[in-house]
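**Student:** Data file my_file03.pdb (PDB, C-alpha atoms and all ligand atoms) is appended below.
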ATOM      1  CA  MET Z 912      21.244  -6.895 -20.016  1.00  0.00           C
ATOM      2  CA  SER Z 913      18.238  -5.658 -18.054  1.00  0.00           C
ATOM      3  CA  SER Z 914      18.583  -5.082 -14.333  1.00  0.00           C
ATOM      4  CA  ILE Z 915      16.498  -7.119 -11.900  1.00  0.00           C
ATOM      5  CA  PHE Z 916      14.461  -3.962 -11.245  1.00  0.00           C
ATOM      6  CA  THR Z 917      13.681  -3.559 -14.958  1.00  0.00           C
ATOM      7  CA  LYS Z 918      12.452  -7.167 -14.895  1.00  0.00           C
ATOM      8  CA  ILE Z 919      10.246  -6.340 -11.896  1.00  0.00           C
ATOM      9  CA  ILE Z 920       8.886  -3.261 -13.699  1.00  0.00           C
ATOM     10  CA  SER Z 921       8.045  -5.389 -16.774  1.00  0.00           C
ATOM     11  CA  ARG Z 922       6.506  -8.089 -14.494  1.00  0.00           C
ATOM     12  CA  GLU Z 923       9.041 -10.643 -15.722  1.00  0.00           C
ATOM     13  CA  ILE Z 924       9.993 -11.142 -12.047  1.00  0.00           C
ATOM     14  CA  LYS Z 925       7.509 -10.951  -9.181  1.00  0.00           C
ATOM     15  CA  SER Z 926       7.761  -8.372  -6.429  1.00  0.00           C
ATOM     16  CA  GLU Z 927       5.519  -6.657  -3.907  1.00  0.00           C
ATOM     17  CA  ILE Z 928       4.624  -3.467  -5.747  1.00  0.00           C
ATOM     18  CA  VAL Z 929       3.107  -0.849  -3.447  1.00  0.00           C
ATOM     19  CA  TYR Z 930       2.811   2.070  -5.891  1.00  0.00           C
ATOM     20  CA  GLU Z 931       3.338   2.804  -9.564  1.00  0.00           C
ATOM     21  CA  GLN Z 932       3.164   5.843 -11.821  1.00  0.00           C
ATOM     22  CA  ASP Z 933       4.310   6.576 -15.388  1.00  0.00           C
ATOM     23  CA  ASN Z 934       8.002   7.054 -14.559  1.00  0.00           C
ATOM     24  CA  LEU Z 935       8.638   5.018 -11.389  1.00  0.00           C
ATOM     25  CA  ILE Z 936       7.633   2.108  -9.214  1.00  0.00           C
ATOM     26  CA  VAL Z 937       7.770   1.476  -5.456  1.00  0.00           C
ATOM     27  CA  ILE Z 938       8.395  -2.049  -4.132  1.00  0.00           C
ATOM     28  CA  LYS Z 939       9.037  -3.717  -0.792  1.00  0.00           C
ATOM     29  CA  ASP Z 940      12.709  -4.544  -0.283  1.00  0.00           C
ATOM     30  CA  ILE Z 941      13.159  -8.323  -0.391  1.00  0.00           C
ATOM     31  CA  ASN Z 942      15.584  -8.180   2.549  1.00  0.00           C
ATOM     32  CA  PRO Z 943      14.188  -5.399   4.785  1.00  0.00           C
ATOM     33  CA  LYS Z 944      16.585  -3.563   7.109  1.00  0.00           C
ATOM     34  CA  ALA Z 945      13.771  -1.808   8.993  1.00  0.00           C
ATOM     35  CA  LYS Z 946      10.097  -2.367   9.838  1.00  0.00           C
ATOM     36  CA  THR Z 947       9.236  -0.534   6.622  1.00  0.00           C
ATOM     37  CA  HIS Z 948      11.810  -0.757   3.834  1.00  0.00           C
ATOM     38  CA  LEU Z 949      10.696   0.349   0.382  1.00  0.00           C
ATOM     39  CA  LEU Z 950      12.600   1.049  -2.812  1.00  0.00           C
ATOM     40  CA  ILE Z 951      11.569   3.896  -5.119  1.00  0.00           C
ATOM     41  CA  ILE Z 952      12.837   2.880  -8.555  1.00  0.00           C
ATOM     42  CA  PRO Z 953      12.731   4.892 -11.782  1.00  0.00           C
ATOM     43  CA  LYS Z 954      11.549   2.988 -14.852  1.00  0.00           C
ATOM     44  CA  LYS Z 955      14.527   4.474 -16.689  1.00  0.00           C
ATOM     45  CA  GLU Z 956      17.524   2.228 -16.003  1.00  0.00           C
ATOM     46  CA  ILE Z 957      20.234   4.581 -14.698  1.00  0.00           C
ATOM     47  CA  PRO Z 958      23.147   2.559 -13.207  1.00  0.00           C
ATOM     48  CA  THR Z 959      24.234   4.864 -10.356  1.00  0.00           C
ATOM     49  CA  ILE Z 960      23.782   8.415  -9.094  1.00  0.00           C
ATOM     50  CA  ASN Z 961      27.106   9.169 -10.824  1.00  0.00           C
ATOM     51  CA  ASP Z 962      25.361   8.605 -14.168  1.00  0.00           C
ATOM     52  CA  LEU Z 963      22.648  11.238 -13.644  1.00  0.00           C
ATOM     53  CA  THR Z 964      22.400  14.142 -16.057  1.00  0.00           C
ATOM     54  CA  ILE Z 965      20.451  17.392 -15.918  1.00  0.00           C
ATOM     55  CA  ASN Z 966      17.781  15.648 -18.047  1.00  0.00           C
ATOM     56  CA  ASP Z 967      16.984  13.432 -15.039  1.00  0.00           C
ATOM     57  CA  LYS Z 968      16.173  16.304 -12.682  1.00  0.00           C
ATOM     58  CA  ASP Z 969      12.361  15.954 -12.893  1.00  0.00           C
ATOM     59  CA  LEU Z 970      12.640  12.200 -12.391  1.00  0.00           C
ATOM     60  CA  ILE Z 971      14.764  12.641  -9.260  1.00  0.00           C
ATOM     61  CA  ALA Z 972      12.346  15.248  -7.921  1.00  0.00           C
ATOM     62  CA  ASP Z 973       9.471  12.811  -8.505  1.00  0.00           C
ATOM     63  CA  MET Z 974      11.308  10.097  -6.572  1.00  0.00           C
ATOM     64  CA  PHE Z 975      11.497  12.343  -3.493  1.00  0.00           C
ATOM     65  CA  LEU Z 976       7.918  13.597  -3.866  1.00  0.00           C
ATOM     66  CA  VAL Z 977       6.646  10.014  -4.109  1.00  0.00           C
ATOM     67  CA  ALA Z 978       8.736   9.050  -1.056  1.00  0.00           C
ATOM     68  CA  LYS Z 979       7.059  11.880   0.870  1.00  0.00           C
ATOM     69  CA  LYS Z 980       3.584  10.819  -0.305  1.00  0.00           C
ATOM     70  CA  ILE Z 981       4.144   7.145   0.585  1.00  0.00           C
ATOM     71  CA  ALA Z 982       5.494   8.069   4.040  1.00  0.00           C
ATOM     72  CA  LYS Z 983       2.356  10.144   4.661  1.00  0.00           C
ATOM     73  CA  ASP Z 984       0.026   7.429   3.281  1.00  0.00           C
ATOM     74  CA  LEU Z 985       1.658   4.830   5.560  1.00  0.00           C
ATOM     75  CA  ASN Z 986       1.538   7.208   8.522  1.00  0.00           C
ATOM     76  CA  ILE Z 987       5.299   6.990   9.064  1.00  0.00           C
ATOM     77  CA  ASP Z 988       6.015  10.604   8.074  1.00  0.00           C
ATOM     78  CA  ALA Z 989       7.028  11.557  11.632  1.00  0.00           C
ATOM     79  CA  TRP Z 990      10.285   9.615  11.237  1.00  0.00           C
ATOM     80  CA  TYR Z 991      11.831   7.998   8.219  1.00  0.00           C
ATOM     81  CA  ARG Z 992      15.125   7.883   6.339  1.00  0.00           C
ATOM     82  CA  LEU Z 993      15.849   8.231   2.636  1.00  0.00           C
ATOM     83  CA  HIS Z 994      19.119   7.242   1.027  1.00  0.00           C
ATOM     84  CA  PHE Z 995      20.878   6.255  -2.166  1.00  0.00           C
ATOM     85  CA  ASN Z 996      23.880   3.938  -2.092  1.00  0.00           C
ATOM     86  CA  VAL Z 997      26.632   4.410  -4.649  1.00  0.00           C
ATOM     87  CA  TRP Z 998      28.804   1.355  -5.105  1.00  0.00           C
ATOM     88  CA  ALA Z 999      30.298   2.452  -8.403  1.00  0.00           C
ATOM     89  CA  LEU Z1000      33.786   1.087  -7.748  1.00  0.00           C
ATOM     90  CA  TRP Z1001      32.781  -2.086  -5.908  1.00  0.00           C
ATOM     91  CA  TRP Z1002      30.504  -5.016  -6.456  1.00  0.00           C
ATOM     92  CA  GLN Z1003      26.974  -3.696  -6.665  1.00  0.00           C
ATOM     93  CA  GLU Z1004      23.923  -5.865  -6.391  1.00  0.00           C
ATOM     94  CA  VAL Z1005      21.608  -3.787  -8.575  1.00  0.00           C
ATOM     95  CA  MET Z1006      23.031  -1.362 -11.157  1.00  0.00           C
ATOM     96  CA  HIS Z1007      19.795   0.604 -11.364  1.00  0.00           C
ATOM     97  CA  ILE Z1008      19.326   3.575  -9.062  1.00  0.00           C
ATOM     98  CA  HIS Z1009      16.834   3.201  -6.227  1.00  0.00           C
ATOM     99  CA  LEU Z1010      15.921   5.431  -3.310  1.00  0.00           C
ATOM    100  CA  HIS Z1011      15.652   3.527  -0.023  1.00  0.00           C
ATOM    101  CA  LEU Z1012      12.799   4.573   2.306  1.00  0.00           C
ATOM    102  CA  LEU Z1013      13.176   3.114   5.799  1.00  0.00           C
ATOM    103  CA  SER Z1014      11.223   3.570   8.998  1.00  0.00           C
ATOM    104  CA  ASP Z1015      10.889   1.720  12.311  1.00  0.00           C
ATOM    105  CA  ILE Z1016       7.625   3.277  13.439  1.00  0.00           C
TER     106      ILE Z1016
HETATM  107  P1  LIG F1101      21.877  -1.232  -2.661  1.00  0.00           P
HETATM  108  O1  LIG F1101      22.208  -1.533  -4.115  1.00  0.00           O
HETATM  109  O2  LIG F1101      22.964  -1.534  -1.718  1.00  0.00           O
HETATM  110  O3  LIG F1101      21.357   0.169  -2.488  1.00  0.00           O
HETATM  111  O4  LIG F1101      20.687  -2.201  -2.257  1.00  0.00           O
HETATM  112  C1  LIG F1101      19.952  -3.037  -3.135  1.00  0.00           C
HETATM  113  C2  LIG F1101      18.681  -3.404  -2.425  1.00  0.00           C
HETATM  114  O5  LIG F1101      17.831  -4.117  -3.331  1.00  0.00           O
HETATM  115  C3  LIG F1101      18.920  -4.312  -1.219  1.00  0.00           C
HETATM  116  O6  LIG F1101      18.344  -3.704  -0.059  1.00  0.00           O
HETATM  117  C4  LIG F1101      18.210  -5.629  -1.615  1.00  0.00           C
HETATM  118  O7  LIG F1101      17.629  -6.284  -0.512  1.00  0.00           O
HETATM  119  C5  LIG F1101      17.176  -5.148  -2.622  1.00  0.00           C
HETATM  120  N1  LIG F1101      16.743  -6.150  -3.593  1.00  0.00           N
HETATM  121  C6  LIG F1101      17.545  -6.919  -4.379  1.00  0.00           C
HETATM  122  N2  LIG F1101      16.799  -7.702  -5.176  1.00  0.00           N
HETATM  123  C7  LIG F1101      15.503  -7.419  -4.889  1.00  0.00           C
HETATM  124  C8  LIG F1101      14.245  -7.919  -5.363  1.00  0.00           C
HETATM  125  N3  LIG F1101      14.182  -8.863  -6.294  1.00  0.00           N
HETATM  126  N4  LIG F1101      13.109  -7.400  -4.848  1.00  0.00           N
HETATM  127  C9  LIG F1101      13.170  -6.451  -3.885  1.00  0.00           C
HETATM  128  N5  LIG F1101      14.325  -5.946  -3.396  1.00  0.00           N
HETATM  129  C10 LIG F1101      15.466  -6.434  -3.888  1.00  0.00           C
END
Have the structure of the file written as structure tokens, please.

**Tutor:**
Amino acid sequence: MSSIFTKIISREIKSEIVYEQDNLIVIKDINPKAKTHLLIIPKKEIPTINDLTINDKDLIADMFLVAKKIAKDLNIDAWYRLHFNVWALWWQEVMHIHLHLLSDI
């Protein structure tokens, strides 16, 4: 079954998309925990960080480089946070890795 993020990527489900490139998409979090709360989501559906392989290294690098670019474009690059949650052993809302970008400036 496709994750909700795969459905957003395929436009099956609507979302506020702020940036897209060949291998990833950036959307606004539906339930923001900061003034700016974005999710950087690879188009490849990888369940958790625990499932990464060496073949994903360029993809992961791109996620961080895009986070940096978006922070600069939004003029929040003086202070922001980036994090991945891993809920591998508990209930997890979205089994599709996503990098959170949060800022309150
Ligand atoms: P986590 O899996 O704990 O890292 O967080 C999942 C994040 O996805 C939460 O911050 C949710 O608010 C967010 N989220 C879940 N569904 C959607 C959606 N349809 N559009 C945008 N964000 C979503």

**Student:** Could you list, as a ChimeraX atom specification, every residue matched by the PyMOL selection byres (((chain Z and resi 932) around 12) and not hetatm) in this structure?

**Tutor:** /Z:920,928-931,933-937,951-954,970,973-974,977

**Student:** Check what the PyMOL selection byres (((chain Z and resi 1016) around 7) and not hetatm) selects in the file above and give those residues as a ChimeraX atom specification.

**Tutor:** /Z:987,1014-1015

**Student:** Could you put an axis-aligned box around every listed atom of ligand LIG 1101 (chain F), padded by 3 Å on each side, and send me its centre and edge lengths in Å to one decimal, as AutoDock Vina command-line options?

**Tutor:**
--center_x 18.0 --center_y -4.3 --center_z -3.2 --size_x 15.9 --size_y 15.0 --size_z 12.2

**Student:** By how many Å are atom CA of His1009 of chain Z and atom CA of Ser926 of chain Z apart?

**Tutor:**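 Value for the atom CA of His1009 of chain Z-atom CA of Ser926 of chain Z distance: 14.7 Å.
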
**Student:** Using only C-alpha atoms and all ligand atoms, which residues of the polymer chains come no farther than 8 Å from ligand LIG 1101 (chain F)? I'd like the answer as a list of chain:residue names.

**Tutor:** Z:Ile915, Z:Phe916, Z:Ile919, Z:Ile924, Z:Lys925, Z:Ser926, Z:Glu927, Z:Ile938, Z:Lys939, Z:Asp940, Z:Ile941, Z:Asn942, Z:Pro943, Z:Lys944, Z:Leu950, Z:Phe995, Z:Asn996, Z:Val997, Z:Trp998, Z:Gln1003, Z:Glu1004, Z:Val1005, Z:Met1006, Z:His1007, Z:Ile1008, Z:His1009, Z:Leu1010, Z:His1011

**Student:** Smallest atom-to-atom distance to Asp988 of chain Z: which of Z:Lys955, Z:Leu1012, Z:Asp967, Z:Ala972, using only C-alpha atoms?

**Tutor:**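 The closest residue to Asp988 of chain Z is Z:Leu1012.
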
**Student:** Between Z:Ile957, Z:Met912, Z:Leu993, Z:Ala945, which has the minimum distance to Lys979 of chain Z (counting only C-alpha atoms)?

**Tutor:**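 The closest residue to Lys979 of chain Z is Z:Leu993.
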
**Student:** So how far away is atom CA of Tyr991 of chain Z from atom CA of Ile960 of chain Z, in Å?

**Tutor:**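 Taking atom CA of Ile960 of chain Z as the start and atom CA of Tyr991 of chain Z as the end point, the length is 21.0 Å.
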
**Student:** To one decimal place in Å, what is the distance between atom CA of Ala982 of chain Z and atom CA of Thr917 of chain Z?

**Tutor:** 23.7 Å

**Student:** Closest to Ser913 of chain Z among Z:His994, Z:Leu976, Z:Ala999, Z:Pro958, using all atoms listed in the file?

**Tutor:**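 Looking at the shortest contact to Ser913 of chain Z, the residue is Z:Pro958.
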